[in-house]
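A.B. asks: I have a structure here, written as structure tokens, and I will follow up with some questions on it.
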Amino acid sequence: MPHPIRLFASTAMAVALGTLTLSGVAHAQTQPAAPMPSAPMPAAPMPAAPMPSAPMAAPMSSPTMSSPTMPSPTMASPTMSSEPLSAQLVDGLQGVFGTHAGRRRSGAKGFCAVGDFVANGNAERLTTADTLQRNKRSAVVARFSIGGGSPMAPDNGPSVRGLSLSLDGNHEFVLINTPVFTARTPESFLAFLKVRAPDPQTRQMNAPAIAAANAANPDWMPQIAYLRDNPPPASYATSAYFGVNSFVFTNRQGQKQHARWTFEPVAGRVGLTMEERTAKGPTFLEAELRERVARAPAEWRVLLQIPRAGDPLNDAVAAWPADRQTVEVGRLRITGVQAAGMAGACDAQMFNPVLLPAGIDPSDDPILAIRAEAYAVSLSRRSQ
Ligand code: HEM
């Protein structure tokens with residue numbers, strides 16, 4: 001019996017679902033093409049997972065920010081909108097990044113790749129998932145991306161990088177290169193986005209409002225701090241990627257175990273130096289990976305991190321301590337990158353973080369629960 005949310009995997013079904021069940025979609029507000037702040041990239045906290053490379057950066061005292069009167073803090077609270085929360089979140093992304101026809105509302109800048117995943121069997125004690133049985137080889141369609149809805153997001157900026165994977169079309173992963181997400185709940189993420197929407201007239205973000213909201217929403221800080229303390233990757237192949245949300249793994253005996261994904265680069269974690277950030281400029285990641293893969297596959301060790309009793313199981317802003325047991329369950333290889341300047345086959349598709357084989361189920365993390373629906377809204381709006 002397929003998990004009901006798997007229906008989102010089909011592009012056609014996703015659009016249909018967006019139309020049928022997401023009643024606000026057809027009337028959702030769209031923004032003018034580029035209401036982006038004209039300001040240069042802020043140097044500091046570049047929050048948000050599927051976040052912006054530009055406006056997100058919400059520095060607390062950047063001179064590029066406008067300084068209107070100090071507003072009251074934006075607290076995460078239920079909204080009064082009649083629109084489904086998933087559609088409000090996509091509105092929130094559009095409010096920050098604008099709309100760009102044909103593009104995802106987050107992960108807008110990206111490209112497709114192919115490869116394979118081979119399981120080593122170590123996960124068999126945790127799960128019956130067919131993709132994780134010993135020596136099982138799955139064909140992989142992948143997409144590398146930069147967080148946020150800007151197709152022009154700079155590759156040398158301090159924002160989030162993404163990796164999405166489809167294993168034989170029946171097990172999908174949507175990962176980011178920070179071990180935590182932007183906010184603990186969808187409501188908090190919506191508040192995060194709303195306060196960063198630039199003024200439609202001036203195209204400036206409201207720095208005092210952002211600073212006040214940051215102070216009022218401590219769940220935003222773990223990712224802001226991680227991005228502040230870790231340089232942007234020098235290559236998509238030298239970044240780790242994290243599942244962030246936990247999943248529930250069920251084995252042949254029916255025993256259940258929460259765990260989280262980490263994809264650890266075999267080439268090691270290598271970030272850009274300050275000099276390289278300037279020298280490489282805003283567009284190098286795609287060509288770098290294509291050239292690298294032409295020489296040899298880019299590889300990741302695929303790990304499951306197992307929590308200890310008492311670790312939070314549904315909190316996307318709380319990473320588990322590094323001393324928790326990890327089980328290496330297989331290896332991902334990227335062997336080809338789409339032709340330069342060409343649209344990739346995966347560009348028009350949607351990756352679904354809860355498209356899972358039997359033996360793996362979503363946890364009750366509220367962030368995970370809303371993702372597939374928000375992605376379907378984005379898919380349904382891509383033509384706008
Ligand atoms: C409430 C939480 C979240 C919301 C509202 C959200 C929203 C979105 C939306 C609207 C898209 C565009 C989807 C499409 O058009 O196919 C997207 C893409 C993406 N998101 Fe999220 N997201 C959330 C959480 C996360 C988390 C927790 C992660 C990773 C751990 C993540 C990683 C990504 C990545 C990598 C992409 C690009 C996907 C691709 O290449 O197709 N997001 N997100």
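Identifiers for the structure tokens are assigned positionally: chains receive A, B, ... in sequence, residues are indexed from 1 per chain, and ligands are indexed from 1 in the order shown.
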Could you tell me, counting only C-alpha atoms and all ligand atoms, which protein and nucleic acid residues lie no more than 7 Å from ligand 1, written as a PyMOL selection string?
C.D. replies: chain A and resi 49-50+86+89-90+104-107+110+143-145+147+161-164+174-176+181+185-186+189+242-245+316+349-351+367-368+370-371+374-379+382
A.B. asks: Using DSSP on the backbone coordinates, identify all residues within range 92-300 of chain A classified as strand (DSSP E or B); present the result as a short mmCIF file (atom, residue, chain, number, x, y, z; two decimals) with N, CA and C atoms, in the first residue's frame.
C.D. replies:
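Saved file result_32.cif follows:
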data_model
loop_
_atom_site.label_atom_id
_atom_site.label_comp_id
_atom_site.auth_asym_id
_atom_site.auth_seq_id
_atom_site.Cartn_x
_atom_site.Cartn_y
_atom_site.Cartn_z
N LYS A 109 18.30 28.16 -8.72
CA LYS A 109 19.52 28.00 -9.53
C LYS A 109 20.06 26.60 -9.28
N GLY A 110 20.09 25.79 -10.32
CA GLY A 110 20.57 24.43 -10.13
C GLY A 110 20.70 23.71 -11.46
N PHE A 111 21.15 22.48 -11.39
CA PHE A 111 21.33 21.69 -12.61
C PHE A 111 21.25 20.20 -12.27
N CYS A 112 21.01 19.42 -13.30
CA CYS A 112 20.78 17.98 -13.11
C CYS A 112 22.06 17.18 -13.34
N ALA A 113 22.08 16.01 -12.75
CA ALA A 113 23.22 15.11 -12.89
C ALA A 113 22.72 13.68 -12.76
N VAL A 114 23.58 12.74 -13.11
CA VAL A 114 23.20 11.32 -12.98
C VAL A 114 24.32 10.55 -12.29
N GLY A 115 23.97 9.36 -11.80
CA GLY A 115 24.95 8.52 -11.15
C GLY A 115 24.31 7.26 -10.64
N ASP A 116 24.86 6.73 -9.54
CA ASP A 116 24.24 5.55 -8.95
C ASP A 116 24.48 5.51 -7.45
N PHE A 117 23.69 4.67 -6.80
CA PHE A 117 23.85 4.43 -5.36
C PHE A 117 23.94 2.93 -5.17
N VAL A 118 24.96 2.50 -4.44
CA VAL A 118 25.10 1.07 -4.14
C VAL A 118 25.08 0.89 -2.63
N ALA A 119 24.17 0.02 -2.17
CA ALA A 119 24.04 -0.23 -0.73
C ALA A 119 25.03 -1.32 -0.31
N ARG A 137 21.96 -1.92 -6.41
CA ARG A 137 22.41 -0.73 -7.14
C ARG A 137 21.19 0.00 -7.68
N SER A 138 21.08 1.29 -7.38
CA SER A 138 19.97 2.09 -7.89
C SER A 138 20.52 3.17 -8.82
N ALA A 139 19.85 3.36 -9.94
CA ALA A 139 20.20 4.48 -10.82
C ALA A 139 19.77 5.78 -10.14
N VAL A 140 20.60 6.80 -10.23
CA VAL A 140 20.33 8.07 -9.55
C VAL A 140 20.15 9.21 -10.54
N VAL A 141 19.07 9.96 -10.36
CA VAL A 141 18.92 11.27 -11.00
C VAL A 141 19.10 12.28 -9.89
N ALA A 142 19.98 13.25 -10.09
CA ALA A 142 20.32 14.20 -9.01
C ALA A 142 20.12 15.63 -9.49
N ARG A 143 19.94 16.53 -8.54
CA ARG A 143 19.94 17.96 -8.86
C ARG A 143 20.69 18.71 -7.76
N PHE A 144 21.68 19.49 -8.17
CA PHE A 144 22.42 20.36 -7.25
C PHE A 144 21.83 21.77 -7.35
N SER A 145 21.75 22.48 -6.24
CA SER A 145 21.07 23.78 -6.28
C SER A 145 21.58 24.72 -5.19
N ILE A 146 21.19 25.97 -5.34
CA ILE A 146 21.46 26.99 -4.31
C ILE A 146 20.12 27.41 -3.72
N ARG A 161 23.40 25.24 0.12
CA ARG A 161 23.48 24.43 -1.10
C ARG A 161 22.58 23.22 -0.94
N GLY A 162 22.01 22.73 -2.04
CA GLY A 162 21.10 21.59 -1.96
C GLY A 162 21.52 20.45 -2.86
N LEU A 163 21.14 19.25 -2.46
CA LEU A 163 21.31 18.06 -3.29
C LEU A 163 20.03 17.24 -3.20
N SER A 164 19.40 17.04 -4.36
CA SER A 164 18.20 16.20 -4.42
C SER A 164 18.53 14.95 -5.22
N LEU A 165 17.96 13.82 -4.79
CA LEU A 165 18.26 12.54 -5.42
C LEU A 165 16.98 11.74 -5.61
N SER A 166 16.91 11.06 -6.75
CA SER A 166 15.85 10.07 -6.96
C SER A 166 16.51 8.74 -7.27
N LEU A 167 16.25 7.72 -6.43
CA LEU A 167 16.83 6.39 -6.62
C LEU A 167 15.81 5.51 -7.33
N HIS A 171 12.69 6.19 -4.33
CA HIS A 171 13.21 6.64 -3.03
C HIS A 171 13.92 7.97 -3.28
N GLU A 172 13.38 9.04 -2.70
CA GLU A 172 13.93 10.36 -3.00
C GLU A 172 14.47 11.02 -1.74
N PHE A 173 15.46 11.89 -1.93
CA PHE A 173 16.12 12.63 -0.85
C PHE A 173 16.18 14.09 -1.28
N VAL A 174 15.90 15.00 -0.37
CA VAL A 174 16.09 16.43 -0.66
C VAL A 174 16.89 16.98 0.52
N LEU A 175 18.18 17.21 0.27
CA LEU A 175 19.16 17.45 1.34
C LEU A 175 19.75 18.85 1.23
N ILE A 176 20.26 19.36 2.32
CA ILE A 176 20.98 20.64 2.29
C ILE A 176 22.34 20.50 2.98
N ASN A 206 14.17 45.55 5.65
CA ASN A 206 14.05 46.37 6.86
C ASN A 206 14.97 45.79 7.94
N PRO A 233 30.99 26.00 0.08
CA PRO A 233 31.85 24.94 -0.46
C PRO A 233 32.60 25.37 -1.72
N TYR A 241 26.07 16.81 2.80
CA TYR A 241 24.65 17.15 2.69
C TYR A 241 23.90 16.39 3.78
N PHE A 242 22.89 17.06 4.34
CA PHE A 242 22.18 16.52 5.51
C PHE A 242 20.68 16.41 5.23
N PHE A 247 13.84 10.24 9.96
CA PHE A 247 12.90 9.26 9.38
C PHE A 247 12.85 8.05 10.31
N VAL A 248 11.79 7.25 10.15
CA VAL A 248 11.63 6.06 10.99
C VAL A 248 11.90 4.82 10.13
N PHE A 249 12.89 4.03 10.55
CA PHE A 249 13.31 2.84 9.81
C PHE A 249 12.75 1.60 10.50
N THR A 250 12.16 0.70 9.71
CA THR A 250 11.55 -0.51 10.27
C THR A 250 12.23 -1.74 9.68
N LYS A 256 11.41 -0.50 15.21
CA LYS A 256 11.48 0.83 14.60
C LYS A 256 12.62 1.64 15.20
N GLN A 257 13.28 2.43 14.37
CA GLN A 257 14.43 3.23 14.80
C GLN A 257 14.44 4.55 14.05
N HIS A 258 14.47 5.67 14.77
CA HIS A 258 14.66 6.96 14.11
C HIS A 258 16.13 7.09 13.67
N ALA A 259 16.34 7.79 12.57
CA ALA A 259 17.71 8.08 12.13
C ALA A 259 17.67 9.26 11.16
N ARG A 260 18.86 9.85 10.97
CA ARG A 260 18.99 10.98 10.03
C ARG A 260 20.10 10.69 9.02
N TRP A 261 19.91 11.23 7.81
CA TRP A 261 20.89 11.05 6.74
C TRP A 261 22.01 12.09 6.79
N THR A 262 23.23 11.61 6.54
CA THR A 262 24.36 12.49 6.23
C THR A 262 25.08 11.91 5.03
N PHE A 263 25.36 12.73 4.01
CA PHE A 263 26.15 12.33 2.85
C PHE A 263 27.51 13.03 2.98
N GLU A 264 28.55 12.24 3.22
CA GLU A 264 29.88 12.78 3.53
C GLU A 264 30.76 12.68 2.29
N PRO A 265 31.31 13.80 1.79
CA PRO A 265 32.07 13.75 0.53
C PRO A 265 33.38 12.98 0.69
N GLY A 271 36.05 24.20 1.84
CA GLY A 271 35.33 25.45 1.61
C GLY A 271 36.18 26.44 0.83
N ALA A 298 32.31 11.81 -8.70
CA ALA A 298 32.27 12.45 -7.37
C ALA A 298 31.51 11.50 -6.46
N GLU A 299 32.06 11.28 -5.25
CA GLU A 299 31.47 10.24 -4.40
C GLU A 299 31.17 10.76 -2.99
N TRP A 300 30.15 10.15 -2.39
CA TRP A 300 29.78 10.45 -1.01
C TRP A 300 29.59 9.14 -0.25
#
A.B. asks: What is the CA of Glu288 in chain A to CA of Gly341 in chain A distance in Å?
C.D. replies: 13.8 Å
A.B. asks: When you look at Gln133 in chain A with a cut-off of 8 Å (counting only C-alpha atoms), what residues show up, excluding the ones that are within fewer than 6 positions of it in the same chain? I need them as a JSON list (two decimals) with N, CA and C atoms, in the first residue's frame.
C.D. replies:
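Result file is out24.json:
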[["chain", "number", "residue", "atom", "x", "y", "z"],
["A", 119, "ALA", "N", 24.17, 0.02, -2.17],
["A", 119, "ALA", "CA", 24.04, -0.23, -0.73],
["A", 119, "ALA", "C", 25.03, -1.32, -0.31],
["A", 120, "ASN", "N", 25.58, -1.18, 0.90],
["A", 120, "ASN", "CA", 26.55, -2.19, 1.37],
["A", 120, "ASN", "C", 25.91, -3.23, 2.31],
["A", 121, "GLY", "N", 24.65, -3.06, 2.61],
["A", 121, "GLY", "CA", 23.96, -4.06, 3.44],
["A", 121, "GLY", "C", 23.93, -3.73, 4.93],
["A", 123, "ALA", "N", 22.55, -1.44, 6.40],
["A", 123, "ALA", "CA", 21.25, -0.93, 6.85],
["A", 123, "ALA", "C", 20.22, -2.03, 7.00],
["A", 124, "GLU", "N", 20.58, -3.27, 6.62],
["A", 124, "GLU", "CA", 19.57, -4.33, 6.67],
["A", 124, "GLU", "C", 19.06, -4.59, 8.08]]
A.B. asks: Mind pulling up the distance from CA of Ala234 in chain A to CA of Lys280 in chain A?
C.D. replies: 9.3 Å
A.B. asks: For Ala197 in chain A, list every protein, DNA or RNA residue within 6 Å, evaluated using only C-alpha atoms, and leave out those in the same chain fewer than 3 positions away; present the list as a list of chain:residue names.
C.D. replies: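 With the cut-off at 6 Å, the set is A:Gly95, A:Val96, A:Lys194.
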A.B. asks: With C-alpha atoms retained, export the selected residues as a PDB file, in the first residue's frame.
C.D. replies:
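Heads up, here's the output in part.pdb:
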ATOM      1  CA  GLY A  95       7.803  37.794  -1.396  1.00  0.00           C
ATOM      2  CA  VAL A  96      11.537  37.566  -0.819  1.00  0.00           C
ATOM      3  CA  LYS A 194       7.813  37.601   5.809  1.00  0.00           C
TER       4      LYS A 194
END
A.B. asks: Pick out the residues sitting within 12 Å of Glu276 in chain A, and hand them over as a PDB file with C-alpha atoms, in the first residue's frame; count only C-alpha atoms, and ignore anything fewer than 2 positions along from it in its own chain.
C.D. replies:
ATOM      1  CA  ASP A 155      27.916  30.494  -6.152  1.00  0.00           C
ATOM      2  CA  ASN A 156      30.378  32.315  -3.887  1.00  0.00           C
ATOM      3  CA  GLY A 157      27.739  33.560  -1.454  1.00  0.00           C
ATOM      4  CA  PRO A 231      32.584  28.872   4.357  1.00  0.00           C
ATOM      5  CA  PRO A 232      30.636  28.175   1.163  1.00  0.00           C
ATOM      6  CA  PRO A 233      31.846  24.936  -0.463  1.00  0.00           C
ATOM      7  CA  ALA A 234      34.616  25.105  -3.065  1.00  0.00           C
ATOM      8  CA  SER A 235      32.769  22.449  -5.061  1.00  0.00           C
ATOM      9  CA  VAL A 270      36.585  21.877   1.445  1.00  0.00           C
ATOM     10  CA  GLY A 271      35.333  25.453   1.610  1.00  0.00           C
ATOM     11  CA  LEU A 272      36.246  28.566  -0.347  1.00  0.00           C
ATOM     12  CA  THR A 273      38.950  30.776   1.116  1.00  0.00           C
ATOM     13  CA  MET A 274      38.196  34.510   1.212  1.00  0.00           C
ATOM     14  CA  THR A 278      36.491  36.858  -4.948  1.00  0.00           C
ATOM     15  CA  ALA A 279      38.516  35.078  -7.606  1.00  0.00           C
ATOM     16  CA  LYS A 280      35.935  32.477  -8.570  1.00  0.00           C
ATOM     17  CA  GLY A 281      33.047  34.902  -8.883  1.00  0.00           C
ATOM     18  CA  PRO A 282      29.337  34.140  -8.846  1.00  0.00           C
ATOM     19  CA  PHE A 284      31.599  28.375 -11.204  1.00  0.00           C
TER      20      PHE A 284
END
A.B. asks: Using backbone DSSP assignments, extract all alpha helix (DSSP H) residues from range 67-313 of chain A; output them as number ranges by chain.
C.D. replies: A: 85-97, 186-196, 207-216, 221-229, 274-280, 285-295
A.B. asks: If you keep C-alpha atoms, can you produce a file of those selected residues as a PDB file, in the first residue's frame?
C.D. replies:
ATOM      1  CA  LEU A  85      -0.047  27.132   5.051  1.00  0.00           C
ATOM      2  CA  SER A  86       1.906  25.380   2.275  1.00  0.00           C
ATOM      3  CA  ALA A  87       0.739  28.027  -0.225  1.00  0.00           C
ATOM      4  CA  GLN A  88       1.468  30.833   2.256  1.00  0.00           C
ATOM      5  CA  LEU A  89       5.028  29.528   2.534  1.00  0.00           C
ATOM      6  CA  VAL A  90       5.459  29.656  -1.227  1.00  0.00           C
ATOM      7  CA  ASP A  91       3.975  33.185  -1.168  1.00  0.00           C
ATOM      8  CA  GLY A  92       6.602  33.949   1.466  1.00  0.00           C
ATOM      9  CA  LEU A  93       9.410  32.701  -0.774  1.00  0.00           C
ATOM     10  CA  GLN A  94       8.002  34.762  -3.655  1.00  0.00           C
ATOM     11  CA  GLY A  95       7.803  37.794  -1.396  1.00  0.00           C
ATOM     12  CA  VAL A  96      11.537  37.566  -0.819  1.00  0.00           C
ATOM     13  CA  PHE A  97      12.762  36.430  -4.245  1.00  0.00           C
ATOM     14  CA  PRO A 186       6.356  25.998   9.227  1.00  0.00           C
ATOM     15  CA  GLU A 187       4.807  28.962  11.067  1.00  0.00           C
ATOM     16  CA  SER A 188       8.220  30.100  12.254  1.00  0.00           C
ATOM     17  CA  PHE A 189       9.661  29.697   8.742  1.00  0.00           C
ATOM     18  CA  LEU A 190       6.808  31.815   7.374  1.00  0.00           C
ATOM     19  CA  ALA A 191       7.629  34.558   9.887  1.00  0.00           C
ATOM     20  CA  PHE A 192      11.277  34.290   8.857  1.00  0.00           C
ATOM     21  CA  LEU A 193      10.352  34.858   5.215  1.00  0.00           C
ATOM     22  CA  LYS A 194       7.813  37.601   5.809  1.00  0.00           C
ATOM     23  CA  VAL A 195      10.191  39.797   7.750  1.00  0.00           C
ATOM     24  CA  ARG A 196      12.768  39.502   4.979  1.00  0.00           C
ATOM     25  CA  ALA A 207      17.187  45.738   8.919  1.00  0.00           C
ATOM     26  CA  PRO A 208      15.767  46.769  12.304  1.00  0.00           C
ATOM     27  CA  ALA A 209      12.732  44.548  11.792  1.00  0.00           C
ATOM     28  CA  ILE A 210      14.957  41.616  10.849  1.00  0.00           C
ATOM     29  CA  ALA A 211      17.207  42.153  13.856  1.00  0.00           C
ATOM     30  CA  ALA A 212      14.212  42.324  16.184  1.00  0.00           C
ATOM     31  CA  ALA A 213      12.683  39.198  14.656  1.00  0.00           C
ATOM     32  CA  ASN A 214      15.985  37.309  14.907  1.00  0.00           C
ATOM     33  CA  ALA A 215      16.098  38.132  18.603  1.00  0.00           C
ATOM     34  CA  ALA A 216      12.487  37.057  19.097  1.00  0.00           C
ATOM     35  CA  MET A 221      19.932  31.034  15.096  1.00  0.00           C
ATOM     36  CA  PRO A 222      21.436  27.529  14.642  1.00  0.00           C
ATOM     37  CA  GLN A 223      21.429  27.762  10.855  1.00  0.00           C
ATOM     38  CA  ILE A 224      22.444  31.426  10.819  1.00  0.00           C
ATOM     39  CA  ALA A 225      25.388  30.518  13.070  1.00  0.00           C
ATOM     40  CA  TYR A 226      26.355  27.494  10.961  1.00  0.00           C
ATOM     41  CA  LEU A 227      26.442  29.571   7.773  1.00  0.00           C
ATOM     42  CA  ARG A 228      28.402  32.286   9.541  1.00  0.00           C
ATOM     43  CA  ASP A 229      30.981  29.797  10.835  1.00  0.00           C
ATOM     44  CA  MET A 274      38.196  34.510   1.212  1.00  0.00           C
ATOM     45  CA  GLU A 275      40.523  34.990  -1.774  1.00  0.00           C
ATOM     46  CA  GLU A 276      38.764  32.251  -3.737  1.00  0.00           C
ATOM     47  CA  ARG A 277      35.368  33.786  -3.038  1.00  0.00           C
ATOM     48  CA  THR A 278      36.491  36.858  -4.948  1.00  0.00           C
ATOM     49  CA  ALA A 279      38.516  35.078  -7.606  1.00  0.00           C
ATOM     50  CA  LYS A 280      35.935  32.477  -8.570  1.00  0.00           C
ATOM     51  CA  LEU A 285      29.979  25.448  -9.397  1.00  0.00           C
ATOM     52  CA  GLU A 286      28.287  23.796 -12.383  1.00  0.00           C
ATOM     53  CA  ALA A 287      31.354  23.885 -14.672  1.00  0.00           C
ATOM     54  CA  GLU A 288      33.607  22.787 -11.813  1.00  0.00           C
ATOM     55  CA  LEU A 289      31.511  19.698 -11.141  1.00  0.00           C
ATOM     56  CA  ARG A 290      31.216  18.836 -14.855  1.00  0.00           C
ATOM     57  CA  GLU A 291      35.003  18.995 -15.269  1.00  0.00           C
ATOM     58  CA  ARG A 292      35.611  17.052 -12.058  1.00  0.00           C
ATOM     59  CA  VAL A 293      33.192  14.289 -12.988  1.00  0.00           C
ATOM     60  CA  ALA A 294      34.685  13.972 -16.476  1.00  0.00           C
ATOM     61  CA  ARG A 295      37.921  12.902 -14.742  1.00  0.00           C
TER      62      ARG A 295
END
A.B. asks: Between CA of Val327 in chain A and CA of Pro179 in chain A, measure the distance and give it in Å to one decimal.
C.D. replies: 16.9 Å
